[in-house]
$ cat entry09.txt   # compact mmCIF, C-alpha atoms
# COMPACT_ATOMS: atom_id res chain seq x y z
CA MET U 686 -64.16 -60.73 50.60
CA HIS U 687 -65.92 -58.45 48.15
CA LEU U 688 -69.60 -58.66 47.45
CA ASN U 689 -70.00 -57.70 43.84
CA PRO U 690 -72.95 -55.53 42.84
CA TYR U 691 -75.18 -58.54 42.24
CA GLY U 692 -74.18 -60.63 45.22
CA GLU U 693 -73.05 -63.34 42.81
CA TYR U 694 -69.99 -64.42 44.79
CA ALA U 695 -71.98 -65.28 47.89
CA VAL U 696 -74.86 -66.93 46.04
CA LEU U 697 -72.51 -69.00 43.90
CA LEU U 698 -70.60 -70.06 47.02
CA ALA U 699 -73.85 -71.12 48.71
CA ALA U 700 -74.93 -73.05 45.63
CA SER U 701 -71.54 -74.73 45.44
CA LEU U 702 -71.80 -75.84 49.07
CA ALA U 703 -75.40 -77.00 48.60
CA ASN U 704 -74.70 -78.88 45.38
CA GLU U 705 -71.52 -80.57 46.56
CA TRP U 706 -71.38 -80.66 50.35
CA PRO U 707 -67.79 -80.78 51.64
CA ALA U 708 -66.75 -83.75 53.75
CA ASP U 709 -65.37 -81.70 56.63
CA ARG U 710 -64.63 -78.23 57.93
CA ALA U 711 -61.25 -78.05 56.17
CA ALA U 712 -62.97 -78.71 52.84
CA ILE U 713 -65.51 -75.95 53.55
CA GLU U 714 -62.69 -73.50 54.20
CA GLU U 715 -60.85 -74.69 51.10
CA ARG U 716 -64.01 -74.07 49.03
CA THR U 717 -64.51 -70.58 50.44
CA LEU U 718 -60.91 -69.68 49.69
CA SER U 719 -61.02 -71.16 46.18
CA MET U 720 -64.12 -69.08 45.42
CA GLY U 721 -62.52 -65.81 46.48
CA MET U 722 -62.93 -65.44 50.22
CA THR U 723 -59.69 -64.24 51.80
CA MET U 724 -60.52 -64.58 55.48
CA VAL U 725 -59.94 -67.68 57.58
CA PHE U 726 -61.42 -68.29 61.00
CA PRO U 727 -60.33 -70.25 64.05
CA PRO U 728 -61.79 -73.74 63.80
CA GLU U 729 -64.57 -74.72 66.18
CA SER U 730 -65.57 -78.34 66.78
CA ASP U 731 -69.11 -77.78 65.45
CA ASP U 732 -68.30 -75.64 62.39
CA HIS U 733 -69.12 -78.38 59.88
CA GLU U 734 -72.58 -78.97 61.37
CA ARG U 735 -73.30 -75.25 61.83
CA VAL U 736 -72.35 -74.41 58.24
CA ARG U 737 -74.66 -77.26 57.13
CA GLU U 738 -77.46 -75.51 59.06
CA VAL U 739 -76.66 -72.26 57.25
CA ILE U 740 -76.93 -74.02 53.88
CA ASP U 741 -80.09 -75.91 54.85
CA ASP U 742 -81.67 -72.62 55.96
CA TRP U 743 -80.58 -71.01 52.70
CA LEU U 744 -82.21 -73.84 50.74
CA GLU U 745 -85.55 -72.72 52.21
CA ILE U 746 -85.06 -69.50 50.22
CA VAL U 747 -84.09 -71.44 47.09
CA ASP U 748 -87.17 -73.65 47.31
CA GLU U 749 -89.67 -70.87 48.00
CA ASP U 750 -91.48 -69.83 44.80
CA ASP U 751 -93.58 -66.98 46.21
CA PRO U 752 -91.51 -63.76 46.08
CA ALA U 753 -93.12 -62.25 49.18
CA GLU U 754 -92.54 -65.40 51.23
CA ARG U 755 -89.02 -65.72 49.83
CA ALA U 756 -88.33 -62.15 50.97
CA ARG U 757 -89.77 -62.83 54.43
CA ILE U 758 -87.59 -65.91 54.92
CA LEU U 759 -84.53 -64.06 53.65
CA ASN U 760 -85.23 -61.07 55.92
CA ASP U 761 -85.56 -63.38 58.92
CA GLN U 762 -82.24 -65.04 58.11
CA MET U 763 -80.46 -61.72 57.53
CA ALA U 764 -81.71 -60.48 60.90
CA GLU U 765 -79.74 -63.29 62.55
CA ALA U 766 -76.37 -62.30 61.13
CA ALA U 767 -76.34 -59.13 59.06
CA ALA U 768 -75.49 -55.74 60.53
CA TYR U 769 -75.33 -52.19 59.28
CA PRO U 770 -72.93 -51.85 56.34
CA ARG U 771 -69.51 -50.42 57.13
CA LEU U 772 -66.25 -49.80 55.33
CA THR U 773 -63.32 -52.06 56.15
CA ASN U 774 -59.82 -52.70 54.82
CA HIS U 775 -58.22 -56.07 55.57
CA ASP U 776 -56.18 -58.83 53.99
CA GLY U 777 -54.92 -56.56 51.20
CA GLU U 778 -58.38 -56.40 49.63
CA GLY U 779 -58.67 -52.62 49.72
CA TRP U 780 -61.63 -50.75 51.08
CA HIS U 781 -64.93 -52.58 50.82
CA LEU U 782 -68.23 -53.02 52.64
CA HIS U 783 -68.96 -55.56 55.34
CA TYR U 784 -72.57 -56.37 56.13
CA ARG U 785 -71.83 -58.20 59.37
CA ASP U 786 -70.41 -57.78 62.83
CA ASP U 787 -66.78 -58.71 63.38
CA VAL U 788 -67.41 -62.20 64.72
CA ALA U 789 -64.56 -64.65 64.10
CA SER U 790 -66.82 -67.60 63.27
CA LEU U 791 -66.98 -69.32 59.90
CA PRO U 792 -70.69 -70.26 60.20
CA PHE U 793 -71.66 -66.75 61.36
CA VAL U 794 -69.76 -65.03 58.55
CA LEU U 795 -71.09 -67.43 55.93
CA ARG U 796 -74.68 -66.83 57.08
CA ALA U 797 -74.13 -63.07 56.80
CA ILE U 798 -72.47 -63.02 53.39
CA ILE U 799 -74.77 -65.66 51.90
CA THR U 800 -78.00 -63.98 53.03
CA VAL U 801 -76.89 -60.46 52.13
CA GLY U 802 -75.42 -61.68 48.83
CA THR U 803 -78.63 -63.56 48.04
CA SER U 804 -80.72 -60.49 48.78
CA LEU U 805 -78.51 -58.35 46.53
CA HIS U 806 -78.71 -60.96 43.78
CA LEU U 807 -82.50 -61.23 43.96
CA VAL U 808 -83.25 -57.51 44.11
CA THR U 809 -80.84 -56.62 41.31
CA ARG U 810 -81.37 -59.63 39.03
CA GLY U 811 -84.94 -60.61 39.89
CA MET U 812 -86.71 -62.56 42.60
CA ASP U 813 -86.99 -65.55 40.26
CA ARG U 814 -83.25 -65.85 39.57
CA LEU U 815 -82.68 -68.67 42.05
CA GLY U 816 -84.11 -72.18 41.97
CA ARG U 817 -83.53 -75.84 41.26
CA CYS U 818 -82.30 -77.52 38.09
CA GLU U 819 -85.16 -78.45 35.77
CA ALA U 820 -83.47 -81.63 34.49
CA SER U 821 -85.07 -84.44 36.45
CA PRO U 822 -83.84 -86.15 38.60
CA CYS U 823 -81.24 -83.43 39.31
CA THR U 824 -82.02 -81.19 42.28
CA ASN U 825 -78.96 -78.93 42.16
CA VAL U 826 -79.36 -75.24 42.88
CA VAL U 827 -79.32 -72.92 39.87
CA VAL U 828 -78.15 -69.34 40.36
CA ASP U 829 -79.23 -67.49 37.24
CA ILE U 830 -76.54 -64.95 36.37
CA THR U 831 -77.31 -64.88 32.66
CA ARG U 832 -78.10 -61.64 30.86
CA ASN U 833 -81.50 -62.83 29.66
CA GLY U 834 -82.56 -64.46 32.93
CA ARG U 835 -83.46 -67.80 31.41
CA GLN U 836 -81.01 -70.22 33.04
CA ARG U 837 -82.95 -73.35 34.00
CA PHE U 838 -80.23 -75.96 34.33
CA CYS U 839 -77.26 -76.33 36.66
CA SER U 840 -74.88 -77.48 33.93
CA VAL U 841 -74.47 -78.11 30.23
CA ARG U 842 -74.80 -81.82 31.01
CA CYS U 843 -78.25 -81.34 32.54
CA ALA U 844 -79.34 -79.02 29.72
CA ASN U 845 -78.26 -81.64 27.16
CA ARG U 846 -80.02 -84.40 29.09
CA ALA U 847 -83.26 -82.41 29.05
CA ALA U 848 -82.88 -81.66 25.33
CA VAL U 849 -82.40 -85.35 24.56
CA ARG U 850 -85.51 -86.22 26.58
CA ARG U 851 -87.55 -83.59 24.71
CA HIS U 852 -86.26 -84.87 21.36
CA ARG U 853 -87.07 -88.49 22.22
CA ALA U 854 -90.53 -87.51 23.43
CA ARG U 855 -91.24 -85.71 20.13
CA ALA U 856 -89.84 -88.60 18.08
CA SER U 857 -92.02 -91.17 19.85
CA ALA U 858 -95.20 -89.07 19.64
$ encode --input "entry09.txt" --output "structure tokens"
Amino acid sequence: MHLNPYGEYAVLLAASLANEWPADRAAIEERTLSMGMTMVFPPESDDHERVREVIDDWLEIVDEDDPAERARILNDQMAEAAAYPRLTNHDGEGWHLHYRDDVASLPFVLRAIITVGTSLHLVTRGMDRLGRCEASPCTNVVVDITRNGRQRFCSVRCANRAAVRRHRARASA
């Protein structure tokens, strides 16, 4: 699995899992593979629950508005799973960096790639480029990967819903 320069893969994977939680471990693995991860891991009986903990912990980062506190939480989470970067070549991916120990555990690897990817995304794009959709009542995670850094909605549907609400509010005023 490659982490692109902005950590987008990992952050988008985390948002996908948070916004649409898979029903079981097989669905988590299917999601990771569909989003570009090439590695599979031996199933453990508690993988589904442990990956849910990874995502719930990650949502603490999403929901923290203060950049310094967001960084502290993220650093604490990276300390649990991330390791010194090293070159590796597996699964026909070519040489790339891993930011984790070689632990054959889906939850462990997801914690490592999600936290490191999130940190790369925030330091290269901006500490404010992660949050929740602004279209009430939606609470989906928004990973802002736009050039101008102004993405506020999780989807076109939510953006349109908010625009209609603003239009109706102006029309009734």
$ atom_distance --input "entry09.txt" --atom1 "CA of Thr773 (chain U)" --atom2 "CA of Glu693 (chain U)"
20.0 Å
$ atom_distance --input "entry09.txt" --atom1 "CA of Arg817 (chain U)" --atom2 "CA of Ala703 (chain U)"
11.0 Å
$ closest_residue --input "entry09.txt" --among "U:Leu744, U:Ile799, U:Ile713, U:Val827" --to "Ala766 (chain U)" --atoms "all atoms listed in the file"
U:Ile799
$ closest_residue --input "entry09.txt" --among "U:Met724, U:Met763, U:Val841, U:Ile758" --to "Gly802 (chain U)" --atoms "all atoms listed in the file"
U:Met763
$ residues_around --input "entry09.txt" --residues "Met722 (chain U)" --least-positions-apart "2" --cutoff "10 Å" --atoms "only C-alpha atoms" --output "PyMOL selection string"
chain U and resi 686-688+694-695+698+714-720+724-725
$ residues_near_point --input "entry09.txt" --point "(-91.7, -69.9, 43.0)" --cutoff "12 Å" --atoms "all atoms listed in the file" --output "VMD selection string"
chain U and resid 745 to 756 811 to 817
$ axis_aligned_box --input "entry09.txt" --around "region 760-778 of chain U" --padding-each-side "4 Å" --output "AutoDock Vina command-line options"
--center_x -70.2 --center_y -57.4 --center_z 56.1 --size_x 38.6 --size_y 23.2 --size_z 20.9
$ closest_residue --input "entry09.txt" --among "U:Val696, U:Arg737, U:His852, U:Gly721" --to "Ala708 (chain U)" --atoms "only C-alpha atoms"
U:Arg737
$ closest_residue --input "entry09.txt" --among "U:Pro792, U:Pro770, U:Pro822, U:Gly834" --to "Ser730 (chain U)" --atoms "only C-alpha atoms"
U:Pro792
$ closest_residue --input "entry09.txt" --among "U:Ile798, U:Ala767, U:Ala700, U:His733" --to "Asp829 (chain U)" --atoms "only C-alpha atoms"
U:Ala700
$ closest_residue --input "entry09.txt" --among "U:Leu795, U:Arg837, U:Arg771, U:Glu765" --to "Leu702 (chain U)" --atoms "only C-alpha atoms"
U:Leu795
$ residues_around --input "entry09.txt" --residues "Arg842 (chain U)" --least-positions-apart "5" --cutoff "10 Å" --atoms "all atoms listed in the file" --output "list in words"
Ala820, Ala847 and Ala848 of chain U
$ residues_around --input "entry09.txt" --residues "Cys823 (chain U)" --least-positions-apart "4" --cutoff "9 Å" --atoms "all atoms listed in the file" --output "JSON, numbers by chain"
{"U": [817, 818, 819, 839, 843]}
$ write_last_selection --input "entry09.txt" --atoms "C-alpha atoms" --output "PDB file, in the frame of the given file"
ATOM      1  CA  ARG U 817     -83.530 -75.840  41.260  1.00  0.00           C
ATOM      2  CA  CYS U 818     -82.300 -77.520  38.090  1.00  0.00           C
ATOM      3  CA  GLU U 819     -85.160 -78.450  35.770  1.00  0.00           C
ATOM      4  CA  CYS U 839     -77.260 -76.330  36.660  1.00  0.00           C
ATOM      5  CA  CYS U 843     -78.250 -81.340  32.540  1.00  0.00           C
TER       6      CYS U 843
END
$ atom_distance --input "entry09.txt" --atom1 "CA of Gln762 (chain U)" --atom2 "CA of Ala699 (chain U)"
14.0 Å
$ residues_around --input "entry09.txt" --residues "Phe726 (chain U)" --least-positions-apart "5" --cutoff "8 Å" --atoms "only C-alpha atoms" --output "number ranges by chain"
U: 789-791
$ decode --input "entry09.txt" --residues "region 788-811 of chain U" --atoms "N, CA, C and O atoms" --output "short mmCIF file (atom, residue, chain, number, x, y, z; two decimals), in the first residue's frame"
data_model
loop_
_atom_site.label_atom_id
_atom_site.label_comp_id
_atom_site.auth_asym_id
_atom_site.auth_seq_id
_atom_site.Cartn_x
_atom_site.Cartn_y
_atom_site.Cartn_z
N VAL U 788 3.67 -6.29 11.64
CA VAL U 788 2.72 -7.04 12.45
C VAL U 788 1.58 -7.46 11.54
O VAL U 788 0.98 -6.62 10.87
N ALA U 789 1.29 -8.74 11.48
CA ALA U 789 0.26 -9.26 10.58
C ALA U 789 -1.12 -9.17 11.23
O ALA U 789 -1.76 -10.17 11.51
N SER U 790 -1.57 -7.95 11.47
CA SER U 790 -2.85 -7.71 12.13
C SER U 790 -3.55 -6.56 11.42
O SER U 790 -3.00 -5.46 11.33
N LEU U 791 -4.74 -6.83 10.91
CA LEU U 791 -5.50 -5.80 10.22
C LEU U 791 -5.72 -4.56 11.08
O LEU U 791 -5.44 -3.43 10.64
N PRO U 792 -6.19 -4.69 12.33
CA PRO U 792 -6.38 -3.48 13.14
C PRO U 792 -5.08 -2.70 13.38
O PRO U 792 -5.07 -1.48 13.32
N PHE U 793 -4.00 -3.41 13.65
CA PHE U 793 -2.72 -2.75 13.91
C PHE U 793 -2.26 -1.97 12.68
O PHE U 793 -1.86 -0.81 12.77
N VAL U 794 -2.31 -2.61 11.52
CA VAL U 794 -1.86 -1.96 10.28
C VAL U 794 -2.77 -0.77 9.95
O VAL U 794 -2.28 0.30 9.58
N LEU U 795 -4.06 -0.94 10.11
CA LEU U 795 -4.96 0.19 9.83
C LEU U 795 -4.69 1.36 10.76
O LEU U 795 -4.70 2.51 10.33
N ARG U 796 -4.45 1.10 12.04
CA ARG U 796 -4.12 2.20 12.96
C ARG U 796 -2.86 2.92 12.48
O ARG U 796 -2.81 4.15 12.45
N ALA U 797 -1.85 2.18 12.07
CA ALA U 797 -0.61 2.79 11.62
C ALA U 797 -0.82 3.62 10.36
O ALA U 797 -0.43 4.80 10.32
N ILE U 798 -1.43 3.04 9.34
CA ILE U 798 -1.54 3.79 8.09
C ILE U 798 -2.53 4.95 8.21
O ILE U 798 -2.32 6.00 7.60
N ILE U 799 -3.58 4.78 8.99
CA ILE U 799 -4.55 5.86 9.14
C ILE U 799 -3.95 7.03 9.92
O ILE U 799 -4.11 8.19 9.53
N THR U 800 -3.24 6.75 11.01
CA THR U 800 -2.68 7.86 11.79
C THR U 800 -1.54 8.54 11.05
O THR U 800 -1.48 9.77 11.01
N VAL U 801 -0.66 7.77 10.43
CA VAL U 801 0.44 8.40 9.68
C VAL U 801 -0.13 9.13 8.47
O VAL U 801 0.27 10.27 8.18
N GLY U 802 -1.06 8.52 7.76
CA GLY U 802 -1.68 9.19 6.61
C GLY U 802 -2.39 10.46 7.00
O GLY U 802 -2.32 11.47 6.29
N THR U 803 -3.08 10.44 8.13
CA THR U 803 -3.77 11.64 8.61
C THR U 803 -2.77 12.73 8.95
O THR U 803 -2.96 13.89 8.60
N SER U 804 -1.68 12.35 9.60
CA SER U 804 -0.67 13.37 9.93
C SER U 804 -0.07 13.96 8.67
O SER U 804 0.11 15.19 8.58
N LEU U 805 0.22 13.14 7.67
CA LEU U 805 0.76 13.66 6.41
C LEU U 805 -0.25 14.59 5.73
O LEU U 805 0.11 15.65 5.21
N HIS U 806 -1.51 14.19 5.74
CA HIS U 806 -2.56 15.01 5.14
C HIS U 806 -2.66 16.37 5.83
O HIS U 806 -2.69 17.41 5.17
N LEU U 807 -2.66 16.37 7.16
CA LEU U 807 -2.85 17.62 7.90
C LEU U 807 -1.64 18.54 7.80
O LEU U 807 -1.81 19.76 7.69
N VAL U 808 -0.43 17.99 7.82
CA VAL U 808 0.73 18.88 7.76
C VAL U 808 1.01 19.37 6.35
O VAL U 808 1.62 20.42 6.19
N THR U 809 0.57 18.64 5.33
CA THR U 809 0.80 19.11 3.96
C THR U 809 -0.37 19.93 3.42
O THR U 809 -0.15 20.84 2.63
N ARG U 810 -1.57 19.61 3.83
CA ARG U 810 -2.76 20.31 3.33
C ARG U 810 -3.22 21.42 4.28
O ARG U 810 -3.79 22.40 3.84
N GLY U 811 -3.06 21.19 5.57
CA GLY U 811 -3.51 22.16 6.57
C GLY U 811 -4.23 21.45 7.69
O GLY U 811 -4.97 20.49 7.46
#
